[in-house]
$ cat coords-v6.cif   # mmCIF, C-alpha atoms
data_data
loop_
_atom_site.group_PDB
_atom_site.id
_atom_site.type_symbol
_atom_site.label_atom_id
_atom_site.label_comp_id
_atom_site.auth_asym_id
_atom_site.auth_seq_id
_atom_site.Cartn_x
_atom_site.Cartn_y
_atom_site.Cartn_z
ATOM 1 C CA MET A 1 93.266 94.532 98.442
ATOM 2 C CA PRO A 2 94.388 92.915 95.156
ATOM 3 C CA GLU A 3 92.144 94.969 92.869
ATOM 4 C CA ILE A 4 89.797 97.928 93.259
ATOM 5 C CA GLU A 5 87.065 99.395 91.111
ATOM 6 C CA PRO A 6 88.331 102.557 89.378
ATOM 7 C CA LYS A 7 86.496 105.753 90.307
ATOM 8 C CA GLU A 8 87.689 107.391 87.124
ATOM 9 C CA PRO A 9 85.853 105.838 84.149
ATOM 10 C CA TYR A 10 88.715 106.534 81.743
ATOM 11 C CA LEU A 11 90.961 104.092 83.632
ATOM 12 C CA LYS A 12 88.802 101.206 82.449
ATOM 13 C CA ASP A 13 89.528 102.170 78.858
ATOM 14 C CA LEU A 14 93.306 102.152 79.222
ATOM 15 C CA GLU A 15 95.074 99.459 77.265
ATOM 16 C CA GLY A 16 98.331 97.843 78.315
ATOM 17 C CA LEU A 17 100.276 98.590 81.479
ATOM 18 C CA HIS A 18 100.191 102.003 83.162
ATOM 19 C CA LEU A 19 102.184 102.876 86.271
ATOM 20 C CA TRP A 20 101.728 105.934 88.500
ATOM 21 C CA HIS A 21 104.929 106.128 90.498
ATOM 22 C CA ALA A 22 107.629 108.307 92.038
ATOM 23 C CA PRO A 23 111.389 108.040 91.388
ATOM 24 C CA MET A 24 112.519 107.395 94.980
ATOM 25 C CA SER A 25 109.431 105.660 96.361
ATOM 26 C CA SER A 26 110.550 102.220 97.553
ATOM 27 C CA CYS A 27 107.232 100.635 96.594
ATOM 28 C CA SER A 28 107.505 102.190 93.134
ATOM 29 C CA GLN A 29 111.040 100.831 92.890
ATOM 30 C CA ARG A 30 109.743 97.312 93.541
ATOM 31 C CA VAL A 31 107.314 97.559 90.657
ATOM 32 C CA ARG A 32 109.862 99.026 88.254
ATOM 33 C CA ILE A 33 112.338 96.246 89.125
ATOM 34 C CA VAL A 34 109.796 93.555 88.214
ATOM 35 C CA LEU A 35 108.913 95.373 85.021
ATOM 36 C CA ALA A 36 112.616 95.489 84.159
ATOM 37 C CA GLU A 37 113.131 91.827 85.070
ATOM 38 C CA THR A 38 110.212 90.743 82.887
ATOM 39 C CA GLY A 39 111.036 93.137 80.055
ATOM 40 C CA LYS A 40 107.497 94.487 79.923
ATOM 41 C CA ASP A 41 106.733 97.884 78.423
ATOM 42 C CA TYR A 42 104.564 100.300 80.342
ATOM 43 C CA THR A 43 103.291 103.852 80.226
ATOM 44 C CA SER A 44 104.889 105.941 82.961
ATOM 45 C CA HIS A 45 102.884 108.527 84.926
ATOM 46 C CA LEU A 46 105.219 110.333 87.336
ATOM 47 C CA ILE A 47 103.809 111.681 90.584
ATOM 48 C CA ASP A 48 105.684 114.546 92.253
ATOM 49 C CA LEU A 49 105.660 113.578 95.934
ATOM 50 C CA ALA A 50 107.803 116.544 96.961
ATOM 51 C CA GLY A 51 105.221 118.805 95.356
ATOM 52 C CA ASP A 52 102.388 116.876 97.072
ATOM 53 C CA GLU A 53 100.835 115.844 93.777
ATOM 54 C CA HIS A 54 99.537 112.743 95.565
ATOM 55 C CA ALA A 55 97.276 115.078 97.565
ATOM 56 C CA SER A 56 95.550 116.351 94.428
ATOM 57 C CA PRO A 57 91.912 115.392 93.773
ATOM 58 C CA GLU A 58 92.956 114.007 90.393
ATOM 59 C CA TYR A 59 95.417 111.515 91.818
ATOM 60 C CA GLN A 60 93.281 110.558 94.804
ATOM 61 C CA ALA A 61 90.549 109.671 92.316
ATOM 62 C CA ILE A 62 93.011 107.082 90.968
ATOM 63 C CA HIS A 63 94.474 105.892 94.277
ATOM 64 C CA PRO A 64 91.977 106.435 97.137
ATOM 65 C CA LYS A 65 94.755 106.325 99.754
ATOM 66 C CA GLY A 66 96.795 108.922 97.889
ATOM 67 C CA LEU A 67 99.902 106.756 97.807
ATOM 68 C CA VAL A 68 102.174 105.429 95.075
ATOM 69 C CA PRO A 69 102.267 103.239 93.137
ATOM 70 C CA ALA A 70 99.007 102.709 91.296
ATOM 71 C CA PHE A 71 98.916 100.260 88.411
ATOM 72 C CA VAL A 72 96.453 99.654 85.597
ATOM 73 C CA ASP A 73 96.571 96.480 83.531
ATOM 74 C CA ASP A 74 94.118 96.689 80.617
ATOM 75 C CA GLY A 75 91.619 98.705 82.606
ATOM 76 C CA ARG A 76 92.024 96.841 85.901
ATOM 77 C CA LEU A 77 93.347 98.911 88.830
ATOM 78 C CA PHE A 78 95.743 97.673 91.543
ATOM 79 C CA ILE A 79 97.135 99.822 94.364
ATOM 80 C CA GLU A 80 99.272 97.603 96.643
ATOM 81 C CA SER A 81 102.865 97.048 95.528
ATOM 82 C CA VAL A 82 103.059 93.397 96.615
ATOM 83 C CA ASP A 83 99.870 92.621 94.698
ATOM 84 C CA ILE A 84 101.185 94.547 91.706
ATOM 85 C CA ILE A 85 104.524 92.752 91.488
ATOM 86 C CA GLN A 86 102.808 89.377 91.797
ATOM 87 C CA ARG A 87 100.457 90.293 88.961
ATOM 88 C CA ILE A 88 103.284 91.470 86.703
ATOM 89 C CA ALA A 89 105.379 88.365 87.412
ATOM 90 C CA GLN A 90 102.342 86.132 86.685
ATOM 91 C CA PRO A 91 101.745 82.690 88.212
ATOM 92 C CA GLY A 92 104.004 80.041 86.795
ATOM 93 C CA SER A 93 107.033 82.280 86.329
ATOM 94 C CA ASP A 94 110.299 81.717 88.196
ATOM 95 C CA LEU A 95 109.879 85.103 89.866
ATOM 96 C CA ALA A 96 106.507 84.144 91.324
ATOM 97 C CA ASN A 97 106.862 80.392 91.910
ATOM 98 C CA SER A 98 110.180 80.518 93.713
ATOM 99 C CA THR A 99 109.238 83.320 96.083
ATOM 100 C CA SER A 100 108.389 83.050 99.772
ATOM 101 C CA GLN A 101 105.101 84.576 100.898
ATOM 102 C CA ASP A 102 106.297 85.121 104.455
ATOM 103 C CA LEU A 103 109.186 87.245 103.176
ATOM 104 C CA LEU A 104 106.779 89.291 101.055
ATOM 105 C CA GLN A 105 104.568 89.843 104.100
ATOM 106 C CA LEU A 106 107.590 90.820 106.188
ATOM 107 C CA ALA A 107 108.666 93.315 103.524
ATOM 108 C CA ASP A 108 105.180 94.792 103.372
ATOM 109 C CA LYS A 109 105.052 95.144 107.152
ATOM 110 C CA ALA A 110 108.451 96.867 107.140
ATOM 111 C CA GLN A 111 107.215 99.789 105.034
ATOM 112 C CA VAL A 112 105.823 101.794 107.953
ATOM 113 C CA ASP A 113 109.182 101.806 109.730
ATOM 114 C CA LEU A 114 111.014 102.461 106.464
ATOM 115 C CA LYS A 115 108.894 105.562 105.922
ATOM 116 C CA LEU A 116 109.443 106.913 109.424
ATOM 117 C CA LEU A 117 113.201 106.339 109.357
ATOM 118 C CA THR A 118 113.498 107.780 105.841
ATOM 119 C CA PHE A 119 111.833 111.004 106.944
ATOM 120 C CA GLU A 120 113.946 111.184 110.112
ATOM 121 C CA PHE A 121 117.372 110.283 108.735
ATOM 122 C CA LEU A 122 117.184 111.428 105.101
ATOM 123 C CA PHE A 123 114.339 113.806 104.266
ATOM 124 C CA LYS A 124 114.844 115.852 107.412
ATOM 125 C CA GLY A 125 118.119 117.067 105.952
ATOM 126 C CA VAL A 126 116.768 118.183 102.586
ATOM 127 C CA GLU A 127 113.018 118.807 102.914
ATOM 128 C CA ARG A 128 111.900 122.306 103.754
ATOM 129 C CA SER A 129 108.123 122.363 103.749
ATOM 130 C CA SER A 130 106.468 125.770 103.974
ATOM 131 C CA LYS A 131 103.511 126.459 106.230
ATOM 132 C CA GLU A 132 101.401 126.970 103.128
ATOM 133 C CA SER A 133 102.262 123.570 101.652
ATOM 134 C CA PHE A 134 101.786 121.866 105.030
ATOM 135 C CA ASP A 135 98.366 123.430 105.479
ATOM 136 C CA ALA A 136 97.372 122.594 101.901
ATOM 137 C CA PHE A 137 98.340 118.952 102.419
ATOM 138 C CA GLN A 138 96.283 118.772 105.605
ATOM 139 C CA GLU A 139 93.305 120.267 103.814
ATOM 140 C CA ASN A 140 93.511 118.338 100.541
ATOM 141 C CA HIS A 141 94.715 114.855 101.380
ATOM 142 C CA GLN A 142 92.045 112.371 102.411
ATOM 143 C CA ASN A 143 94.333 109.792 104.062
ATOM 144 C CA GLU A 144 94.025 110.500 107.789
ATOM 145 C CA TRP A 145 96.992 108.272 108.686
ATOM 146 C CA LEU A 146 99.246 110.138 106.269
ATOM 147 C CA LYS A 147 98.079 113.525 107.511
ATOM 148 C CA GLN A 148 98.805 112.491 111.109
ATOM 149 C CA PHE A 149 102.229 111.223 110.042
ATOM 150 C CA ARG A 150 102.986 114.654 108.554
ATOM 151 C CA ARG A 151 101.895 116.348 111.764
ATOM 152 C CA ASP A 152 104.079 114.040 113.838
ATOM 153 C CA TYR A 153 107.026 114.661 111.518
ATOM 154 C CA LYS A 154 106.578 118.421 111.758
ATOM 155 C CA ALA A 155 106.492 118.213 115.553
ATOM 156 C CA GLY A 156 109.481 115.826 115.639
ATOM 157 C CA PHE A 157 109.250 112.078 116.124
ATOM 158 C CA GLU A 158 109.600 110.898 119.708
ATOM 159 C CA THR A 159 112.885 109.117 120.458
ATOM 160 C CA SER A 160 110.998 106.039 121.649
ATOM 161 C CA ARG A 161 109.233 105.817 118.284
ATOM 162 C CA ILE A 162 112.527 106.027 116.390
ATOM 163 C CA ASP A 163 114.099 103.452 118.717
ATOM 164 C CA ALA A 164 111.251 101.007 118.123
ATOM 165 C CA ALA A 165 111.394 101.426 114.337
ATOM 166 C CA VAL A 166 115.170 100.870 114.294
ATOM 167 C CA THR A 167 114.873 97.775 116.480
ATOM 168 C CA ARG A 168 112.126 96.234 114.337
ATOM 169 C CA THR A 169 114.169 96.903 111.206
ATOM 170 C CA ASP A 170 117.218 95.316 112.802
ATOM 171 C CA GLU A 171 115.152 92.250 113.697
ATOM 172 C CA ALA A 172 113.846 91.945 110.122
ATOM 173 C CA PHE A 173 117.341 92.194 108.665
ATOM 174 C CA ARG A 174 118.516 89.490 111.072
ATOM 175 C CA ILE A 175 115.708 87.224 109.855
ATOM 176 C CA LEU A 176 116.896 87.726 106.280
ATOM 177 C CA ASP A 177 120.513 87.186 107.291
ATOM 178 C CA ASP A 178 119.577 83.922 108.987
ATOM 179 C CA ARG A 179 117.746 82.766 105.841
ATOM 180 C CA LEU A 180 120.891 83.379 103.837
ATOM 181 C CA SER A 181 123.207 81.679 106.341
ATOM 182 C CA ASP A 182 122.808 78.288 104.624
ATOM 183 C CA GLY A 183 124.664 79.616 101.579
ATOM 184 C CA ARG A 184 121.647 80.162 99.329
ATOM 185 C CA PRO A 185 122.273 82.929 96.766
ATOM 186 C CA PHE A 186 118.809 84.466 97.046
ATOM 187 C CA LEU A 187 116.319 85.025 99.850
ATOM 188 C CA ALA A 188 113.935 82.235 98.861
ATOM 189 C CA GLY A 189 116.570 79.791 97.623
ATOM 190 C CA ASP A 190 118.518 79.222 94.429
ATOM 191 C CA THR A 191 116.359 81.419 92.195
ATOM 192 C CA PHE A 192 115.938 85.199 92.137
ATOM 193 C CA SER A 193 112.342 85.869 93.112
ATOM 194 C CA LEU A 194 109.821 88.471 94.215
ATOM 195 C CA ALA A 195 111.177 88.156 97.751
ATOM 196 C CA ASP A 196 114.460 89.641 96.523
ATOM 197 C CA VAL A 197 112.605 92.327 94.589
ATOM 198 C CA ALA A 198 110.600 93.336 97.658
ATOM 199 C CA TRP A 199 113.697 93.793 99.821
ATOM 200 C CA MET A 200 116.139 95.357 97.330
ATOM 201 C CA PRO A 201 114.760 98.922 97.669
ATOM 202 C CA ASN A 202 114.687 98.675 101.467
ATOM 203 C CA VAL A 203 118.307 97.633 101.782
ATOM 204 C CA HIS A 204 119.286 100.308 99.278
ATOM 205 C CA ARG A 205 117.392 102.936 101.275
ATOM 206 C CA PHE A 206 119.026 101.983 104.554
ATOM 207 C CA SER A 207 122.450 101.994 102.925
ATOM 208 C CA LEU A 208 121.828 105.713 102.264
ATOM 209 C CA MET A 209 121.368 106.119 106.026
ATOM 210 C CA ASP A 210 124.656 104.288 106.760
ATOM 211 C CA TRP A 211 122.941 101.294 108.337
ATOM 212 C CA PRO A 212 125.559 98.927 109.870
ATOM 213 C CA PHE A 213 125.175 96.058 107.416
ATOM 214 C CA GLU A 214 128.378 94.551 108.791
ATOM 215 C CA ARG A 215 126.052 93.186 111.508
ATOM 216 C CA VAL A 216 124.360 91.029 108.872
ATOM 217 C CA PRO A 217 127.177 89.867 106.549
ATOM 218 C CA ASN A 218 125.056 87.328 104.670
ATOM 219 C CA LEU A 219 122.546 90.027 103.789
ATOM 220 C CA GLN A 220 125.377 92.353 102.847
ATOM 221 C CA SER A 221 126.742 89.765 100.403
ATOM 222 C CA TRP A 222 123.246 89.152 99.030
ATOM 223 C CA PHE A 223 122.803 92.835 98.313
ATOM 224 C CA ARG A 224 126.079 93.011 96.399
ATOM 225 C CA ARG A 225 124.772 90.169 94.212
ATOM 226 C CA VAL A 226 121.342 91.611 93.488
ATOM 227 C CA ALA A 227 122.737 95.119 93.008
ATOM 228 C CA GLY A 228 124.692 93.727 90.077
ATOM 229 C CA ARG A 229 121.509 92.870 88.193
ATOM 230 C CA PRO A 230 120.620 95.165 85.259
ATOM 231 C CA SER A 231 117.160 95.709 86.767
ATOM 232 C CA TYR A 232 118.687 97.377 89.848
ATOM 233 C CA LYS A 233 120.344 100.029 87.716
ATOM 234 C CA LYS A 234 117.466 100.452 85.272
ATOM 235 C CA ALA A 235 114.642 100.565 87.807
ATOM 236 C CA LEU A 236 116.311 102.142 90.818
ATOM 237 C CA LEU A 237 119.656 103.864 90.275
ATOM 238 C CA ASP A 238 118.742 105.448 86.946
ATOM 239 C CA TRP A 239 115.732 107.084 88.634
ATOM 240 C CA GLN A 240 117.713 108.369 91.618
ATOM 241 C CA ASN A 241 118.345 112.098 91.742
ATOM 242 C CA GLU A 242 122.086 112.268 92.392
ATOM 243 C CA LYS A 243 121.877 115.805 93.752
ATOM 244 C CA VAL A 244 119.370 114.629 96.346
ATOM 245 C CA ALA A 245 121.440 111.512 97.064
ATOM 246 C CA GLY A 246 124.434 113.781 97.660
ATOM 247 C CA ALA A 247 122.410 115.871 100.099
ATOM 248 C CA PHE A 248 121.390 112.674 101.903
ATOM 249 C CA ALA A 249 125.047 111.672 102.215
ATOM 250 C CA GLN A 250 125.981 115.077 103.604
ATOM 251 C CA TYR A 251 123.167 115.000 106.158
ATOM 252 C CA THR A 252 124.049 111.449 107.193
ATOM 253 C CA GLY A 253 127.643 112.569 107.725
ATOM 254 C CA GLU A 254 126.537 115.516 109.839
ATOM 255 C CA ARG A 255 124.413 113.295 112.067
ATOM 256 C CA ARG A 256 127.270 110.822 112.407
ATOM 257 C CA ILE A 257 129.535 113.625 113.650
ATOM 258 C CA ASN A 258 127.035 114.897 116.222
ATOM 259 C CA GLY A 259 126.089 111.393 117.389
ATOM 260 C CA THR A 260 122.476 111.410 116.213
ATOM 261 C CA HIS A 261 122.848 109.074 113.230
ATOM 262 C CA ILE A 262 120.792 105.908 112.892
ATOM 263 C CA ARG A 263 123.407 103.769 114.651
ATOM 264 C CA ALA A 264 122.719 105.672 117.878
ATOM 265 C CA PHE A 265 119.141 104.406 118.195
ATOM 266 C CA GLY A 266 117.314 101.275 119.225
ATOM 267 C CA SER A 267 119.128 97.956 119.162
ATOM 268 C CA LEU A 268 121.930 99.474 117.067
ATOM 269 C CA SER A 269 123.089 101.504 120.064
ATOM 270 C CA ASP A 270 123.766 98.413 122.220
#

$ encode --input "coords-v6.cif" --output "structure tokens"
Amino acid sequence: MPEIEPKEPYLKDLEGLHLWHAPMSSCSQRVRIVLAETGKDYTSHLIDLAGDEHASPEYQAIHPKGLVPAFVDDGRLFIESVDIIQRIAQPGSDLANSTSQDLLQLADKAQVDLKLLTFEFLFKGVERSSKESFDAFQENHQNEWLKQFRRDYKAGFETSRIDAAVTRTDEAFRILDDRLSDGRPFLAGDTFSLADVAWMPNVHRFSLMDWPFERVPNLQSWFRRVAGRPSYKKALLDWQNEKVAGAFAQYTGERRINGTHIRAFGSLSD
């Protein structure tokens, strides 16, 4: 869905670029990276995901699925991150022209598994949701898939579901590694593109989980290159809560010690 009709009339009157986003949302990170790469100014509207602000009536009137990001460009509303980054980059730019649509589609498809594995291997160590906040989310949020995901998370994800998500992620990373095996510096070829933007937050996120990137050395080298870009620091690292990142590292270490870290699941356990 490239563009939707705003339910809130005031959105149509907004001038310039407006971004509703969250600091550690991978899809928000994509959009901020493109904004940094293009040097475009925007008005920031932070959404507190930990406080379930995305379940509020006010935000769901902006984004009907209650997800981040949401993006307004001179009164026009966009809610899918891949559509948003393509709009910001604009047709004719190096970012847009040199990209690979199949890699963008693969990145988009990977988000469901990224979410599940993030909750299992990172958020589980730091998130302590009360019964009151859980019940309020179930009552207030209108996205049935997201409400079911929260129920599944509360009950504990089945091992088979974690295994499948790890295996699919491993397969996707191997596809990227194979693309890079011809010596190209970037995923789509010689030029940094939206394909790189789409995958940068994912690789960063899995590095927090201690994913074995030594299995995909070409991808590992690629990430070192793109992580050296100013946009990576400005749009991703500078927004990262270091206290939370430290808690992630501690939890990852604990799971490594007790043998329940991400490397013990799916195709990584072979």

$ atom_distance --input "coords-v6.cif" --atom1 "atom CA of A:Glu120" --atom2 "atom CA of A:Trp145"
17.3 Å

$ closest_residue --input "coords-v6.cif" --among "A:Phe78, A:Phe71, A:Phe149, A:Phe119" --to "A:Phe206" --atoms "all atoms listed in the file"
A:Phe119

$ resolve_selection --input "coords-v6.cif" --expression "the PyMOL selection byres ((chain A and resi 227-237) around 8)" --output "PyMOL selection string"
chain A and resi 23-24+29+32-34+36-37+200-201+223-226+238-240

$ resolve_selection --input "coords-v6.cif" --expression "the PyMOL selection byres ((chain A and resi 85) around 9)" --output "PyMOL selection string"
chain A and resi 30-35+80-84+86-90+96+194+197-198

$ write_last_selection --input "coords-v6.cif" --atoms "C-alpha atoms" --output "PDB file, in the coordinates of the input"
ATOM      1  CA  ARG A  30     109.743  97.312  93.541  1.00  0.00           C
ATOM      2  CA  VAL A  31     107.314  97.559  90.657  1.00  0.00           C
ATOM      3  CA  ARG A  32     109.862  99.026  88.254  1.00  0.00           C
ATOM      4  CA  ILE A  33     112.338  96.246  89.125  1.00  0.00           C
ATOM      5  CA  VAL A  34     109.796  93.555  88.214  1.00  0.00           C
ATOM      6  CA  LEU A  35     108.913  95.373  85.021  1.00  0.00           C
ATOM      7  CA  GLU A  80      99.272  97.603  96.643  1.00  0.00           C
ATOM      8  CA  SER A  81     102.865  97.048  95.528  1.00  0.00           C
ATOM      9  CA  VAL A  82     103.059  93.397  96.615  1.00  0.00           C
ATOM     10  CA  ASP A  83      99.870  92.621  94.698  1.00  0.00           C
ATOM     11  CA  ILE A  84     101.185  94.547  91.706  1.00  0.00           C
ATOM     12  CA  GLN A  86     102.808  89.377  91.797  1.00  0.00           C
ATOM     13  CA  ARG A  87     100.457  90.293  88.961  1.00  0.00           C
ATOM     14  CA  ILE A  88     103.284  91.470  86.703  1.00  0.00           C
ATOM     15  CA  ALA A  89     105.379  88.365  87.412  1.00  0.00           C
ATOM     16  CA  GLN A  90     102.342  86.132  86.685  1.00  0.00           C
ATOM     17  CA  ALA A  96     106.507  84.144  91.324  1.00  0.00           C
ATOM     18  CA  LEU A 194     109.821  88.471  94.215  1.00  0.00           C
ATOM     19  CA  VAL A 197     112.605  92.327  94.589  1.00  0.00           C
ATOM     20  CA  ALA A 198     110.600  93.336  97.658  1.00  0.00           C
TER      21      ALA A 198
END

$ closest_residue --input "coords-v6.cif" --among "A:Ser269, A:Ser129, A:Gln111, A:Thr169" --to "A:Arg151" --atoms "all atoms listed in the file"
A:Ser129

$ closest_residue --input "coords-v6.cif" --among "A:Asp196, A:Asp113, A:Asp73, A:Glu127" --to "A:Leu176" --atoms "all atoms listed in the file"
A:Asp196

$ closest_atom_pairs --input "coords-v6.cif" --of "stretch 53-109 of chain A" --to "stretch 10-15 of chain A" --cutoff "7 Å" --atoms "all atoms listed in the file" --output "tab-separated table"
residue	atom	partner	partner_atom	distance
A:Asp74	CA	A:Glu15	CA	4.5
A:Gly75	CA	A:Lys12	CA	3.8
A:Arg76	CA	A:Lys12	CA	6.4

$ atom_distance --input "coords-v6.cif" --atom1 "atom CA of A:Arg255" --atom2 "atom CA of A:Val216"
22.5 Å

$ resolve_selection --input "coords-v6.cif" --expression "the PyMOL selection byres ((chain A and resi 174) around 12)" --output "PyMOL selection string"
chain A and resi 167-173+175-181+212-220+267

$ write_last_selection --input "coords-v6.cif" --atoms "C-alpha atoms" --output "mmCIF file, in the frame of the given file"
data_model
loop_
_atom_site.group_PDB
_atom_site.id
_atom_site.type_symbol
_atom_site.label_atom_id
_atom_site.label_comp_id
_atom_site.auth_asym_id
_atom_site.auth_seq_id
_atom_site.Cartn_x
_atom_site.Cartn_y
_atom_site.Cartn_z
ATOM 1 C CA THR A 167 114.873 97.775 116.480
ATOM 2 C CA ARG A 168 112.126 96.234 114.337
ATOM 3 C CA THR A 169 114.169 96.903 111.206
ATOM 4 C CA ASP A 170 117.218 95.316 112.802
ATOM 5 C CA GLU A 171 115.152 92.250 113.697
ATOM 6 C CA ALA A 172 113.846 91.945 110.122
ATOM 7 C CA PHE A 173 117.341 92.194 108.665
ATOM 8 C CA ILE A 175 115.708 87.224 109.855
ATOM 9 C CA LEU A 176 116.896 87.726 106.280
ATOM 10 C CA ASP A 177 120.513 87.186 107.291
ATOM 11 C CA ASP A 178 119.577 83.922 108.987
ATOM 12 C CA ARG A 179 117.746 82.766 105.841
ATOM 13 C CA LEU A 180 120.891 83.379 103.837
ATOM 14 C CA SER A 181 123.207 81.679 106.341
ATOM 15 C CA PRO A 212 125.559 98.927 109.870
ATOM 16 C CA PHE A 213 125.175 96.058 107.416
ATOM 17 C CA GLU A 214 128.378 94.551 108.791
ATOM 18 C CA ARG A 215 126.052 93.186 111.508
ATOM 19 C CA VAL A 216 124.360 91.029 108.872
ATOM 20 C CA PRO A 217 127.177 89.867 106.549
ATOM 21 C CA ASN A 218 125.056 87.328 104.670
ATOM 22 C CA LEU A 219 122.546 90.027 103.789
ATOM 23 C CA GLN A 220 125.377 92.353 102.847
ATOM 24 C CA SER A 267 119.128 97.956 119.162
#

$ closest_residue --input "coords-v6.cif" --among "A:Asn241, A:Asn258, A:Ser221, A:Ser193" --to "A:Ser98" --atoms "only C-alpha atoms"
A:Ser193

$ residues_around --input "coords-v6.cif" --residues "A:His45" --least-positions-apart "6" --cutoff "12 Å" --atoms "all atoms listed in the file" --output "list in words"
Leu17, His18, Leu19, Trp20, His21, Ala22, Pro23, Ser28, Glu53, His54, Tyr59, Ile62, Val68, Pro69, Ala70, Phe71 and Val72 of chain A

$ residues_near_point --input "coords-v6.cif" --point "(111.2, 111.0, 116.9)" --cutoff "12 Å" --atoms "all atoms listed in the file" --output "count of residues only"
29

$ closest_residue --input "coords-v6.cif" --among "A:Ala107, A:Phe134, A:Ile257, A:Ile79" --to "A:Pro2" --atoms "all atoms listed in the file"
A:Ile79

$ atom_distance --input "coords-v6.cif" --atom1 "atom CA of A:Leu95" --atom2 "atom CA of A:Asp190"
11.4 Å

$ closest_residue --input "coords-v6.cif" --among "A:Asp94, A:Gly246, A:Ser207, A:Leu114" --to "A:Thr191" --atoms "only C-alpha atoms"
A:Asp94

$ residues_near_point --input "coords-v6.cif" --point "(119.7, 108.1, 106.2)" --cutoff "6 Å" --atoms "all atoms listed in the file" --output "PDB file with C-alpha atoms, in the coordinates of the input"
ATOM      1  CA  PHE A 121     117.372 110.283 108.735  1.00  0.00           C
ATOM      2  CA  LEU A 122     117.184 111.428 105.101  1.00  0.00           C
ATOM      3  CA  LEU A 208     121.828 105.713 102.264  1.00  0.00           C
ATOM      4  CA  MET A 209     121.368 106.119 106.026  1.00  0.00           C
ATOM      5  CA  THR A 252     124.049 111.449 107.193  1.00  0.00           C
TER       6      THR A 252
END
